[in-house]
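Next comes run21.txt, a file with compact mmCIF, C-alpha atoms.
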```txt
# COMPACT_ATOMS: atom_id res chain seq x y z
CA MET B 1 62.33 4.85 12.68
CA ARG B 2 60.64 6.94 15.38
CA VAL B 3 56.86 6.71 14.98
CA LEU B 4 54.24 8.67 16.91
CA VAL B 5 50.83 6.96 16.95
CA THR B 6 47.77 9.03 17.84
CA GLY B 7 44.72 7.15 19.04
CA ALA B 8 47.07 4.51 20.45
CA GLY B 9 44.48 3.38 22.99
CA GLY B 10 41.88 2.54 20.32
CA PHE B 11 41.26 -0.82 18.66
CA VAL B 12 43.60 -0.23 15.73
CA GLY B 13 46.21 1.50 17.88
CA GLN B 14 46.39 -1.32 20.42
CA HIS B 15 47.21 -3.73 17.60
CA LEU B 16 49.44 -1.39 15.61
CA VAL B 17 51.81 -0.31 18.40
CA PRO B 18 52.96 -3.89 19.20
CA GLN B 19 53.51 -4.55 15.49
CA LEU B 20 55.65 -1.44 15.11
CA LEU B 21 57.68 -2.40 18.17
CA ALA B 22 58.15 -5.94 16.83
CA GLU B 23 59.51 -4.44 13.60
CA GLY B 24 62.14 -2.55 15.62
CA HIS B 25 60.64 0.94 15.52
CA ALA B 26 60.68 3.38 18.44
CA VAL B 27 57.08 4.31 19.27
CA ALA B 28 55.40 7.13 21.17
CA CYS B 29 51.70 7.17 22.02
CA LEU B 30 49.08 9.89 22.09
CA THR B 31 45.76 8.86 23.60
CA ARG B 32 42.85 10.29 25.53
CA ASP B 33 43.90 8.63 28.80
CA PRO B 34 47.54 7.41 28.91
CA ALA B 35 46.87 5.62 32.21
CA LYS B 36 44.69 3.11 30.35
CA LEU B 37 47.41 2.01 27.94
CA PRO B 38 48.66 -1.59 28.40
CA GLU B 39 51.15 -2.13 31.20
CA ALA B 40 53.58 -3.63 28.69
CA TRP B 41 53.92 -0.17 27.16
CA ALA B 42 54.95 1.47 30.44
CA ASN B 43 58.30 2.66 29.06
CA LEU B 44 56.93 4.18 25.87
CA PRO B 45 56.80 7.99 25.62
CA ARG B 46 53.20 9.10 25.86
CA ALA B 47 50.87 12.06 26.29
CA GLY B 48 47.19 12.69 26.76
CA THR B 49 45.00 14.95 24.68
CA ASP B 50 43.94 18.35 25.99
CA PRO B 51 41.90 21.25 24.57
CA GLU B 52 44.97 23.44 24.00
CA GLY B 53 47.11 20.74 22.40
CA GLN B 54 50.02 21.12 24.81
CA GLY B 55 50.32 17.37 25.33
CA ILE B 56 50.80 16.79 21.61
CA ARG B 57 53.22 19.69 21.34
CA THR B 58 55.43 18.56 24.21
CA LEU B 59 55.45 14.95 23.03
CA CYS B 60 56.52 15.96 19.52
CA GLN B 61 59.26 18.24 20.84
CA GLN B 62 60.64 15.57 23.17
CA PHE B 63 60.24 12.47 20.99
CA ARG B 64 61.05 14.10 17.63
CA PRO B 65 59.08 11.61 15.49
CA GLN B 66 60.16 10.87 11.95
CA VAL B 67 56.65 9.74 10.99
CA VAL B 68 53.25 10.31 12.58
CA ILE B 69 50.37 7.86 12.17
CA HIS B 70 47.19 9.78 12.90
CA LEU B 71 44.47 7.33 13.96
CA ALA B 72 42.70 9.40 16.59
CA SER B 73 39.13 10.29 15.64
CA HIS B 74 35.59 10.44 16.92
CA TYR B 75 33.39 8.08 14.92
CA ILE B 76 29.64 8.33 14.72
CA THR B 77 27.37 7.05 11.97
CA GLU B 78 24.44 9.43 12.34
CA HIS B 79 25.03 12.58 14.37
CA SER B 80 22.77 14.69 16.54
CA PHE B 81 23.23 18.31 17.61
CA THR B 82 25.03 17.27 20.79
CA ASP B 83 27.64 15.29 18.82
CA ILE B 84 28.95 18.29 16.88
CA THR B 85 31.33 19.69 19.51
CA THR B 86 33.14 16.39 20.02
CA LEU B 87 33.33 15.69 16.29
CA VAL B 88 34.97 19.06 15.64
CA GLN B 89 37.26 18.96 18.68
CA VAL B 90 38.60 15.47 18.02
CA ASN B 91 38.56 15.27 14.23
CA LEU B 92 39.62 18.85 13.47
CA LEU B 93 41.09 20.70 16.45
CA LEU B 94 43.24 17.82 17.70
CA GLY B 95 44.45 17.14 14.17
CA THR B 96 45.38 20.77 13.60
CA HIS B 97 47.30 20.87 16.88
CA LEU B 98 49.11 17.76 15.66
CA LEU B 99 50.03 19.29 12.29
CA GLU B 100 51.41 22.43 13.94
CA SER B 101 53.31 20.36 16.52
CA MET B 102 54.84 18.31 13.72
CA ARG B 103 55.93 21.47 11.95
CA GLU B 104 57.53 22.87 15.10
CA SER B 105 59.41 19.64 15.83
CA GLY B 106 60.66 19.15 12.27
CA CYS B 107 58.54 16.10 11.41
CA ASP B 108 57.28 16.29 7.83
CA ALA B 109 55.85 12.76 7.23
CA LEU B 110 52.22 11.98 8.03
CA VAL B 111 50.20 8.79 7.51
CA TYR B 112 46.56 9.79 7.96
CA ALA B 113 43.69 7.36 8.50
CA GLY B 114 40.86 8.59 6.31
CA THR B 115 37.63 6.77 5.55
CA SER B 116 36.00 5.36 2.45
CA TRP B 117 32.89 7.22 3.61
CA GLN B 118 34.51 10.40 2.28
CA HIS B 119 33.55 9.03 -1.15
CA TYR B 120 29.78 8.55 -1.18
CA ARG B 121 28.48 7.63 -4.66
CA ASN B 122 32.10 6.69 -5.49
CA GLU B 123 32.99 10.37 -5.92
CA GLU B 124 36.39 11.92 -5.23
CA TYR B 125 34.84 13.79 -2.32
CA CYS B 126 31.26 13.39 -1.19
CA PRO B 127 30.85 12.69 2.54
CA ALA B 128 28.34 10.03 3.52
CA ASN B 129 27.90 11.66 6.94
CA LEU B 130 29.21 14.45 9.15
CA TYR B 131 31.96 12.21 10.52
CA ALA B 132 33.33 11.75 6.99
CA ALA B 133 33.03 15.48 6.36
CA THR B 134 35.21 16.25 9.38
CA LYS B 135 37.78 13.69 8.23
CA GLN B 136 37.97 15.44 4.86
CA ALA B 137 38.13 18.83 6.56
CA LEU B 138 41.36 17.85 8.33
CA SER B 139 42.76 16.60 5.04
CA THR B 140 41.99 20.02 3.57
CA LEU B 141 43.73 21.77 6.47
CA ALA B 142 46.74 19.51 5.97
CA GLU B 143 47.01 20.86 2.41
CA TYR B 144 48.27 24.14 3.89
CA TYR B 145 51.07 22.33 5.73
CA ARG B 146 51.87 20.30 2.63
CA ASP B 147 52.12 23.35 0.38
CA ALA B 148 53.67 25.82 2.83
CA PHE B 149 56.10 23.54 4.66
CA GLY B 150 56.70 20.60 2.32
CA MET B 151 54.85 18.06 4.47
CA ARG B 152 54.67 14.59 2.93
CA ILE B 153 51.25 12.98 3.37
CA LEU B 154 50.03 9.46 2.71
CA GLU B 155 46.32 8.99 3.34
CA LEU B 156 44.95 5.49 3.88
CA HIS B 157 41.18 5.64 3.37
CA LEU B 158 39.90 2.66 5.33
CA TYR B 159 36.89 0.39 5.11
CA ASP B 160 35.40 -1.41 8.10
CA SER B 161 37.88 -3.39 10.19
CA TYR B 162 37.28 -6.23 12.62
CA GLY B 163 39.15 -8.63 14.88
CA GLU B 164 38.87 -11.11 17.69
CA ASP B 165 39.11 -8.62 20.56
CA ASP B 166 37.27 -5.66 19.05
CA PRO B 167 35.36 -3.79 21.81
CA ARG B 168 33.51 -1.51 19.39
CA LYS B 169 29.80 -1.92 18.67
CA LYS B 170 30.44 -2.71 15.03
CA LEU B 171 28.53 -5.08 12.75
CA ILE B 172 30.50 -8.24 13.44
CA ASN B 173 30.22 -7.81 17.20
CA LEU B 174 26.49 -7.20 16.92
CA LEU B 175 26.17 -10.41 14.92
CA GLU B 176 28.13 -12.28 17.60
CA LEU B 177 25.92 -10.89 20.36
CA SER B 178 22.80 -11.88 18.43
CA SER B 179 24.07 -15.45 18.08
CA LYS B 180 24.05 -15.73 21.88
CA SER B 181 20.67 -14.09 22.42
CA SER B 182 17.05 -15.07 22.01
CA ASP B 183 16.30 -11.55 20.79
CA LYS B 184 16.66 -10.99 17.08
CA LEU B 185 18.88 -8.18 15.82
CA LYS B 186 16.93 -5.76 13.67
CA ILE B 187 18.80 -5.29 10.42
CA SER B 188 18.25 -3.83 6.98
CA GLU B 189 17.45 -5.85 3.85
CA GLY B 190 21.19 -6.39 3.40
CA ARG B 191 21.85 -5.13 -0.13
CA GLN B 192 24.98 -3.19 0.88
CA LEU B 193 28.29 -4.36 -0.57
CA LEU B 194 31.17 -4.30 1.91
CA HIS B 195 34.93 -4.47 2.20
CA LEU B 196 35.68 -5.94 5.64
CA VAL B 197 39.39 -6.02 6.54
CA HIS B 198 40.98 -7.94 9.40
CA ILE B 199 42.94 -5.89 11.91
CA ASP B 200 46.17 -7.78 11.16
CA ASP B 201 46.00 -6.64 7.55
CA VAL B 202 45.15 -3.07 8.56
CA CYS B 203 48.23 -2.90 10.80
CA ARG B 204 50.49 -4.28 8.08
CA GLY B 205 49.18 -1.55 5.83
CA PHE B 206 50.05 1.23 8.26
CA GLU B 207 53.54 -0.12 8.89
CA LEU B 208 54.17 -0.31 5.15
CA ALA B 209 52.74 3.20 4.67
CA CYS B 210 55.28 4.56 7.19
CA GLN B 211 58.10 3.18 5.09
CA GLN B 212 56.66 4.55 1.87
CA VAL B 213 55.83 8.08 3.02
CA ARG B 214 59.46 8.67 4.00
CA ASN B 215 60.39 8.14 0.36
CA PHE B 216 57.94 10.77 -0.87
CA ALA B 217 59.28 14.00 -2.31
CA ALA B 218 58.70 17.18 -0.33
CA SER B 219 55.06 18.31 -0.59
CA GLU B 220 53.95 14.99 -2.10
CA ARG B 221 50.52 13.65 -1.14
CA LYS B 222 48.94 10.34 -2.17
CA VAL B 223 45.69 8.55 -1.30
CA PHE B 224 45.46 4.76 -1.17
CA ARG B 225 42.96 2.11 -0.05
CA LEU B 226 43.24 -1.09 1.97
CA PRO B 227 40.54 -3.23 0.29
CA ALA B 228 39.46 -6.70 1.38
CA GLY B 229 40.35 -9.71 -0.73
CA GLU B 230 36.71 -9.92 -1.78
CA ARG B 231 33.74 -7.67 -1.34
CA LEU B 232 30.54 -9.19 0.01
CA SER B 233 26.94 -8.18 0.37
CA LEU B 234 25.72 -7.94 3.93
CA ARG B 235 23.69 -11.10 3.39
CA GLU B 236 26.74 -12.94 2.06
CA LEU B 237 28.77 -11.78 5.05
CA VAL B 238 26.17 -13.12 7.48
CA ALA B 239 26.21 -16.48 5.66
CA ARG B 240 30.00 -16.68 6.06
CA PHE B 241 29.68 -15.63 9.71
CA ASP B 242 27.16 -18.43 10.34
CA ALA B 243 29.29 -20.99 8.46
CA ALA B 244 32.17 -20.44 10.90
CA ALA B 245 30.01 -21.67 13.82
CA PRO B 246 26.87 -23.33 12.41
CA ALA B 247 25.54 -24.25 15.85
CA TYR B 248 25.33 -20.56 16.76
CA PRO B 249 23.93 -18.59 13.81
CA ALA B 250 23.15 -14.91 14.02
CA GLN B 251 19.56 -14.24 15.07
CA LEU B 252 18.36 -11.57 12.67
CA GLU B 253 15.17 -9.86 11.63
CA TRP B 254 15.94 -8.89 8.04
CA GLY B 255 14.28 -5.73 6.81
CA ALA B 256 13.28 -4.55 10.29
CA ARG B 257 15.61 -1.55 10.14
CA PRO B 258 15.32 1.03 7.36
CA TYR B 259 18.38 2.01 5.40
CA ARG B 260 20.20 5.03 6.80
CA LEU B 261 20.20 8.41 5.14
CA ARG B 262 22.94 8.23 2.49
CA GLU B 263 23.38 4.49 2.99
CA VAL B 264 26.48 3.26 1.15
CA PHE B 265 25.50 0.41 -1.19
CA GLU B 266 28.61 0.37 -3.40
CA PRO B 267 32.01 0.74 -1.67
CA TRP B 268 34.40 3.36 -3.00
CA GLU B 269 37.03 1.79 -5.24
CA ASP B 270 38.24 4.70 -7.36
CA ALA B 271 41.79 4.77 -5.98
CA PRO B 272 44.71 2.32 -6.00
CA ALA B 273 45.41 -0.07 -3.17
CA LEU B 274 48.54 0.66 -1.15
CA PRO B 275 51.49 -0.53 -3.28
CA GLY B 276 52.99 -3.80 -2.06
CA TRP B 277 50.02 -4.62 0.18
CA GLN B 278 47.14 -7.02 -0.12
CA ALA B 279 44.76 -8.55 2.38
CA GLU B 280 46.12 -11.86 3.68
CA VAL B 281 43.38 -12.84 6.13
CA SER B 282 40.40 -14.14 4.15
CA ILE B 283 36.91 -13.50 5.41
CA ASP B 284 36.50 -17.20 6.19
CA GLU B 285 39.76 -17.29 8.15
CA GLY B 286 38.79 -14.10 9.96
CA MET B 287 35.40 -15.47 10.92
CA ARG B 288 37.00 -18.69 12.15
CA ARG B 289 39.43 -16.74 14.35
CA LEU B 290 36.59 -14.64 15.70
CA ARG B 291 34.12 -17.44 16.38
CA CYS B 292 36.45 -20.32 17.32
CA PRO B 293 39.05 -18.82 19.72
CA ASP B 294 39.62 -22.17 21.46
CA LEU B 295 40.64 -23.68 18.14
CA ASN B 296 43.04 -20.78 17.61
CA ARG B 297 44.69 -21.40 20.97
CA SER B 298 45.04 -25.16 20.37
CA LYS B 299 46.78 -24.52 17.05
CA LYS B 300 49.31 -22.21 18.73
CA SER B 301 50.07 -24.60 21.59
```

Starting from the file, give its structure as structure tokens.
Amino acid sequence: MRVLVTGAGGFVGQHLVPQLLAEGHAVACLTRDPAKLPEAWANLPRAGTDPEGQGIRTLCQQFRPQVVIHLASHYITEHSFTDITTLVQVNLLLGTHLLESMRESGCDALVYAGTSWQHYRNEEYCPANLYAATKQALSTLAEYYRDAFGMRILELHLYDSYGEDDPRKKLINLLELSSKSSDKLKISEGRQLLHLVHIDDVCRGFELACQQVRNFAASERKVFRLPAGERLSLRELVARFDAAAPAYPAQLEWGARPYRLREVFEPWEDAPALPGWQAEVSIDEGMRRLRCPDLNRSKKS
């Protein structure tokens, strides 16, 4: 099938595009800066983002996708006044340009990357932060296209992801940096319960979602999760992280950072997992891959 991936230059996108290609799909890429995409993707149709959405529009008209995977977003945990413009432009305006471009090009199947943070207190909709509110706002806008034009929508509401080459300043990377530093990482008391999902499992979920959304009836919309095989407290996660490389434990100052406003202590679980999918990379295997890359290479050789 022909699949357009937005946010192709991000962490998930750079893993997902090769998987889709390996499965025999034709892939087009939308990203902030197409020149920064991997050289191996040189022949893939691509476009950059722009304030008027013309790049998205032209790409959709030329590529004629059968399914769109919308990954592109601006993530921020706690916003300030100066963050608002970018949050709205990326998470709402770009998404609306995409929906209209899909309509014009005849594409009616969307796989949308939502977030579990749209469900604070385990509610159907209660955003934990402004980022989550903007993600829900695009979902609400997509309801118009679903109802008016028969768009089929599968939303995957994601938990935290991780992987060996993750450039983002996420928890696992901060733990890794602390294990190599004499300075202790200031961290909360660690009572939060987490679903942490390896990038390989996330990509399998999106590829499977593309297949499933094409079988939806016109105007059908469903929301699924991609949960980890087990949920862990932050303290349990750190213990598993340390166990993967005992000589280099994380250097932490527990309780030195207060909990955030609207801290999520219980992960949202009030929705089914994506049918036919389950996490295959255990947290222990994921930590081993992350912390022992030389061992990974020796096993492959």

Need to verify the contact set: stretch 164-166 of chain B, 12 Å, all atoms listed in the file, exclusion of same-chain residues closer than 4 positions in sequence. Can you return it as a PyMOL selection string?
chain B and resi 10-15+160+170-174+176+198-200+285-294+296

B:Cys107 surroundings by only C-alpha atoms, 12 Å radius, close-in-sequence under 2 positions cut, as a count of residues only:
36

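Compared by their closest atoms to B:Glu253, and using all atoms listed in the file, the residues B:Ser182, B:Gln212, B:Ser219, B:Ser188 rank with B:Ser188 nearest.
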
What residues have an atom no more than 7 Å from (51.2, 6.6, 24.7) in the file's own frame, counting only C-alpha atoms, and can you write them as a tab-separated table (two decimals) with C-alpha atoms, in the coordinates of the input?
```
chain	number	residue	atom	x	y	z
B	8	ALA	CA	47.07	4.51	20.45
B	28	ALA	CA	55.40	7.13	21.17
B	29	CYS	CA	51.70	7.17	22.02
B	30	LEU	CA	49.08	9.89	22.09
B	31	THR	CA	45.76	8.86	23.60
B	34	PRO	CA	47.54	7.41	28.91
B	37	LEU	CA	47.41	2.01	27.94
B	44	LEU	CA	56.93	4.18	25.87
B	45	PRO	CA	56.80	7.99	25.62
B	46	ARG	CA	53.20	9.10	25.86
B	47	ALA	CA	50.87	12.06	26.29
```

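One distance worth recording is that between atom CA of B:Gln192 and atom CA of B:Leu234, which is 5.7 Å.
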
Restricting to all atoms listed in the file, whichever of B:Glu280, B:Glu236, B:Asp33, B:Glu23 is closest to B:Val197 is B:Glu280

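Rounded to one decimal, atom CA of B:Gly276 and atom CA of B:Gly205 lie 9.0 Å from each other.
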
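Rounded to one decimal, atom CA of B:Ala22 and atom CA of B:Ser282 lie 23.3 Å from each other.
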
Counting all atoms listed in the file, note down every residue that has an atom within 6 Å of the point (40.3, 14.4, 17.9) (file coordinates), as a PyMOL selection string.
chain B and resi 72-73+89-91+94

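With distances taken over all atoms listed in the file, B:Phe241 is the one residue among B:Tyr144, B:Tyr75, B:Tyr162, B:Phe241 lying closest to B:Leu175.
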
Neighbours of stretch 76-84 of chain B within 7 Å (only C-alpha atoms; same-chain residues fewer than 2 positions away dropped), as a ChimeraX atom specification?
/B:74,86-88,129-131

Spatial neighbours of B:Arg257, 9 Å, all atoms listed in the file, chain gap at least 5 places, as a PyMOL selection string
chain B and resi 186-189

Please provide the set of residues having any atom within 10 Å of B:Glu263, restricted to only C-alpha atoms, with same-chain residues fewer than 5 positions apart removed, written as a ChimeraX atom specification.
/B:117,120-121,128-129,192,258

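Checking B:Leu92, B:Ile283, B:Ala209, B:Val202 one by one against B:Leu141, counting only C-alpha atoms, you find the shortest gap at B:Leu92.
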
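Nearest residue to B:Ala137 among B:Tyr125, B:Phe206, B:Trp41, B:Trp268 is B:Tyr125, counting all atoms listed in the file.
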
Using only C-alpha atoms for the distances, tell me which of B:Asp183, B:Asp50, B:Glu124, B:Glu143 is nearest to B:Glu220.
B:Glu143
